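Q: Provided herewith is a single structure, encoded as structure tokens, for subsequent inquiry.
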Amino acid sequence: ILSMVVLKVQAQEAWPASSWNAASNLTSVMDAAGIDELSGLHWNPVNNRLYAVQNNGRVRVLQYNPTTNTFAQIGSKTLSGGPEGITQANLSANEFYVIDENNYEIQKYTHNSSFSTVNQSRHWNLLNAPSPMQDTGNTGPEGICFVPDSYLTAAGFTSSETGQLYTSTKGAGGLFFVAHQDGGYIWVFDLNPNVNNDFAFVGKYQTARQESCDLAFDRSTGLLYILHNIDSNYLEITDMTLSAATSANAAFHTVAEYFIPTAGDGNENFEGFALMPKCNSTVTGSAWLCRDVSNNEDAAVLTSSLKRFTNF
């Protein structure tokens, strides 16, 4: 499967295969008046839900109905801080994780089945030891995803700190990857999901670009997708092996990179990405892009902040 995916992406020069205007607009499912500051996305293939966060402090959850091929919003709750990215570790649990750029924290939230109650339960400050991350203000951590241990083992993933193979030791069953704006690095952490600020720093990895804003991990292929929002917008794909392996310059091997064409309406601030697994047999493969729109922009832009691309 992996070899087929690599051949496919290398044959394409641009992504998505359809234009922004031709993609399906899901913004009105969340709010007919439009959405501002939409910054991170995550797709759950177990319950067919798309999670989205706004960096002004809100999470939204869209339920997909494969029979009608439609989405409905089933959750909309305020969050603390400035959540820029969202992910899940256990895809069957009523919980999710966000990366809060305002406070440089990974935060864990739990919720009831109806999303009427959403509460922060744990947090990990990435400015604390043993993390060497520095406060770079508004050019901080923006994207997050979770990679289970089995995929790390299959990829031969190594810590840039030790040069040794690494899987989780803190009880999460995998590692959290964080995309950073400053330099485009991917920072990797091993979190204790039950204890505040208990984590290990695994490593810091160079990417193909000098800014990174969101991540998506495909559990059907073992590929990590990195969204870059610098100059133009790019989507990088890596198998998490290293093209350089010393602690000073550990770099992910880039399998392929897509150029993301412009939206054509003046806002090219694509900050969120998610995708359905390639091997899902019940629904057509899709991917989503969202863009961070200011609340003073034109209504035509505000009402076009989240798009679904069904020919991914």
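Chain labels run A, B, ... following the order of the structure tokens; each chain numbers its residues from 1, and ligands are numbered from 1 in the order shown.
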If we count only C-alpha atoms and set the cut-off at 7 Å, which residues sit around A:Tyr258, ignoring sequence neighbours fewer than 5 positions away in its own chain? Please answer as a list in words.
A: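 The residues that qualify are Glu13, Ala14, Trp15, Tyr234, Leu235 and Glu236 of chain A.
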Q: Among stretch 1-249 of chain A, which ones does DSSP place in alpha helix (DSSP H), written as a VMD selection string?
A: chain A and resid 2 to 10 27 to 30 149 to 155
Q: Would you please extract all strand (DSSP E or B) residues from stretch 52-169 of chain A, as assigned by DSSP on the backbone, and give them as a PyMOL selection string?
A: chain A and resi 52-54+58-65+70-78+83-87+95-100+105-111+118-125+141-148+158+165
Q: Excluding stretch 76-93 of chain A and any residue of its chain fewer than 3 positions from it, enumerate the residues within 9 Å of it, using only C-alpha atoms, and give them as a VMD selection string.
A: chain A and resid 30 38 to 47 51 to 61 73 96 to 103 107 110 115 to 120 141 to 148 172 to 176 178 to 179 213 to 216 271 to 272
Q: Counting only C-alpha atoms, which residues in stretch 123-159 of chain A sit no more than 8 Å from stretch 183-200 of chain A? For each one, give the nearest pair of atoms and the distance in Å, sorted by chain then residue number, as a tab-separated table.
A:
```
residue	atom	partner	partner_atom	distance
A:His123	CA	A:Asn196	CA	5.2
A:Trp124	CA	A:Asn197	CA	4.1
A:Asn125	CA	A:Asn197	CA	6.0
A:Asn128	CA	A:Asn197	CA	7.9
A:Pro130	CA	A:Ala200	CA	6.6
A:Ser131	CA	A:Ala200	CA	7.6
```
Q: Within 12 Å of A:Val29, counting only C-alpha atoms, which residues qualify if same-chain residues fewer than 5 places away don't, as number ranges by chain?
A: A: 24, 34-35, 50, 60-64, 70-76, 303-307
Q: Would you save the residues from that selection as a PDB file, in the first residue's frame, using C-alpha atoms?
A:
```
ATOM      1  CA  SER A  24     -17.458  21.434  -1.154  1.00  0.00           C
ATOM      2  CA  GLY A  34     -19.078  32.468   8.556  1.00  0.00           C
ATOM      3  CA  ILE A  35     -16.194  31.333  10.746  1.00  0.00           C
ATOM      4  CA  LEU A  50     -14.319  16.109  11.846  1.00  0.00           C
ATOM      5  CA  ARG A  60     -16.475  22.431  16.721  1.00  0.00           C
ATOM      6  CA  VAL A  61     -17.359  18.839  15.865  1.00  0.00           C
ATOM      7  CA  LEU A  62     -19.022  17.822  12.594  1.00  0.00           C
ATOM      8  CA  GLN A  63     -20.674  14.409  12.250  1.00  0.00           C
ATOM      9  CA  TYR A  64     -20.476  12.783   8.819  1.00  0.00           C
ATOM     10  CA  THR A  70     -23.656  15.166   4.544  1.00  0.00           C
ATOM     11  CA  PHE A  71     -22.266  16.768   7.704  1.00  0.00           C
ATOM     12  CA  ALA A  72     -24.046  18.120  10.784  1.00  0.00           C
ATOM     13  CA  GLN A  73     -22.533  20.083  13.644  1.00  0.00           C
ATOM     14  CA  ILE A  74     -22.941  18.136  16.893  1.00  0.00           C
ATOM     15  CA  GLY A  75     -20.629  20.158  19.115  1.00  0.00           C
ATOM     16  CA  SER A  76     -19.586  23.787  19.573  1.00  0.00           C
ATOM     17  CA  THR A 303     -18.316  32.022   4.664  1.00  0.00           C
ATOM     18  CA  SER A 304     -15.639  30.060   2.820  1.00  0.00           C
ATOM     19  CA  SER A 305     -13.218  28.957   5.536  1.00  0.00           C
ATOM     20  CA  LEU A 306     -13.579  25.136   5.468  1.00  0.00           C
ATOM     21  CA  LYS A 307     -13.587  23.040   2.284  1.00  0.00           C
TER      22      LYS A 307
END
```
Q: Mind checking which residues fall within 10 Å of A:Leu165, counting only C-alpha atoms, ignoring those fewer than 4 positions away in the same chain, and posting them as a list in words?
A: Leu152, Thr153, Ala155, Gly156, Phe157, Thr158, Ser159 and Ser160 of chain A
Q: With a distance cut-off of 9 Å and only C-alpha atoms, select the neighbouring residues of A:Ser294, excluding the residue or stretch itself and same-chain residues fewer than 5 positions from it, and output the selection as a VMD selection string.
A: chain A and resid 35 to 37 302
Q: Include N, CA, C and O atoms and write out the residues we just selected as a short mmCIF file (atom, residue, chain, number, x, y, z; two decimals), in the first residue's frame.
A:
```
data_model
loop_
_atom_site.label_atom_id
_atom_site.label_comp_id
_atom_site.auth_asym_id
_atom_site.auth_seq_id
_atom_site.Cartn_x
_atom_site.Cartn_y
_atom_site.Cartn_z
N ILE A 35 -17.06 31.72 9.64
CA ILE A 35 -16.19 31.33 10.75
C ILE A 35 -14.87 32.08 10.64
O ILE A 35 -14.25 32.11 9.58
N ASP A 36 -14.44 32.67 11.75
CA ASP A 36 -13.14 33.33 11.76
C ASP A 36 -12.15 32.53 12.61
O ASP A 36 -12.52 31.72 13.46
N GLU A 37 -10.87 32.72 12.32
CA GLU A 37 -9.75 32.15 13.08
C GLU A 37 -9.79 30.62 13.16
O GLU A 37 -9.34 30.02 14.14
N LEU A 302 -15.30 34.96 4.84
CA LEU A 302 -15.71 34.38 6.13
C LEU A 302 -16.59 33.13 5.94
O LEU A 302 -16.54 32.20 6.74
#
```
Q: Within 8 Å of A:Leu224, counting only C-alpha atoms, which residues show up once you throw out same-chain ones fewer than 3 positions away? Write them as a ChimeraX atom specification, please.
A: /A:215-218,237-240
Q: Can I get the residues of stretch 116-229 of chain A within 12 Å of stretch 260-266 of chain A, each with the closest pair of atoms and their distance in Å to one decimal, using only C-alpha atoms, sorted chain first then ascending number, as JSON lines?
A:
```
{"residue": "A:Leu227", "atom": "CA", "partner": "A:Ile260", "partner_atom": "CA", "distance": 9.7}
{"residue": "A:His228", "atom": "CA", "partner": "A:Ile260", "partner_atom": "CA", "distance": 9.6}
{"residue": "A:Asn229", "atom": "CA", "partner": "A:Ile260", "partner_atom": "CA", "distance": 9.8}
```
Q: Save the residues we just selected, N, CA, C and O atoms, as a PDB file, in the first residue's frame?
A:
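Generated file (again-v6.pdb):
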```
ATOM      1  N   LEU A 227       1.546  20.551   6.921  1.00  0.00           N
ATOM      2  CA  LEU A 227       1.073  21.729   6.190  1.00  0.00           C
ATOM      3  C   LEU A 227       1.997  22.900   6.482  1.00  0.00           C
ATOM      4  O   LEU A 227       2.258  23.219   7.642  1.00  0.00           O
ATOM      5  N   HIS A 228       2.475  23.530   5.409  1.00  0.00           N
ATOM      6  CA  HIS A 228       3.351  24.696   5.519  1.00  0.00           C
ATOM      7  C   HIS A 228       2.619  25.925   4.987  1.00  0.00           C
ATOM      8  O   HIS A 228       2.042  25.896   3.904  1.00  0.00           O
ATOM      9  N   ASN A 229       2.686  26.999   5.746  1.00  0.00           N
ATOM     10  CA  ASN A 229       1.982  28.235   5.402  1.00  0.00           C
ATOM     11  C   ASN A 229       2.993  29.385   5.390  1.00  0.00           C
ATOM     12  O   ASN A 229       2.977  30.267   6.237  1.00  0.00           O
TER      13      ASN A 229
END
```
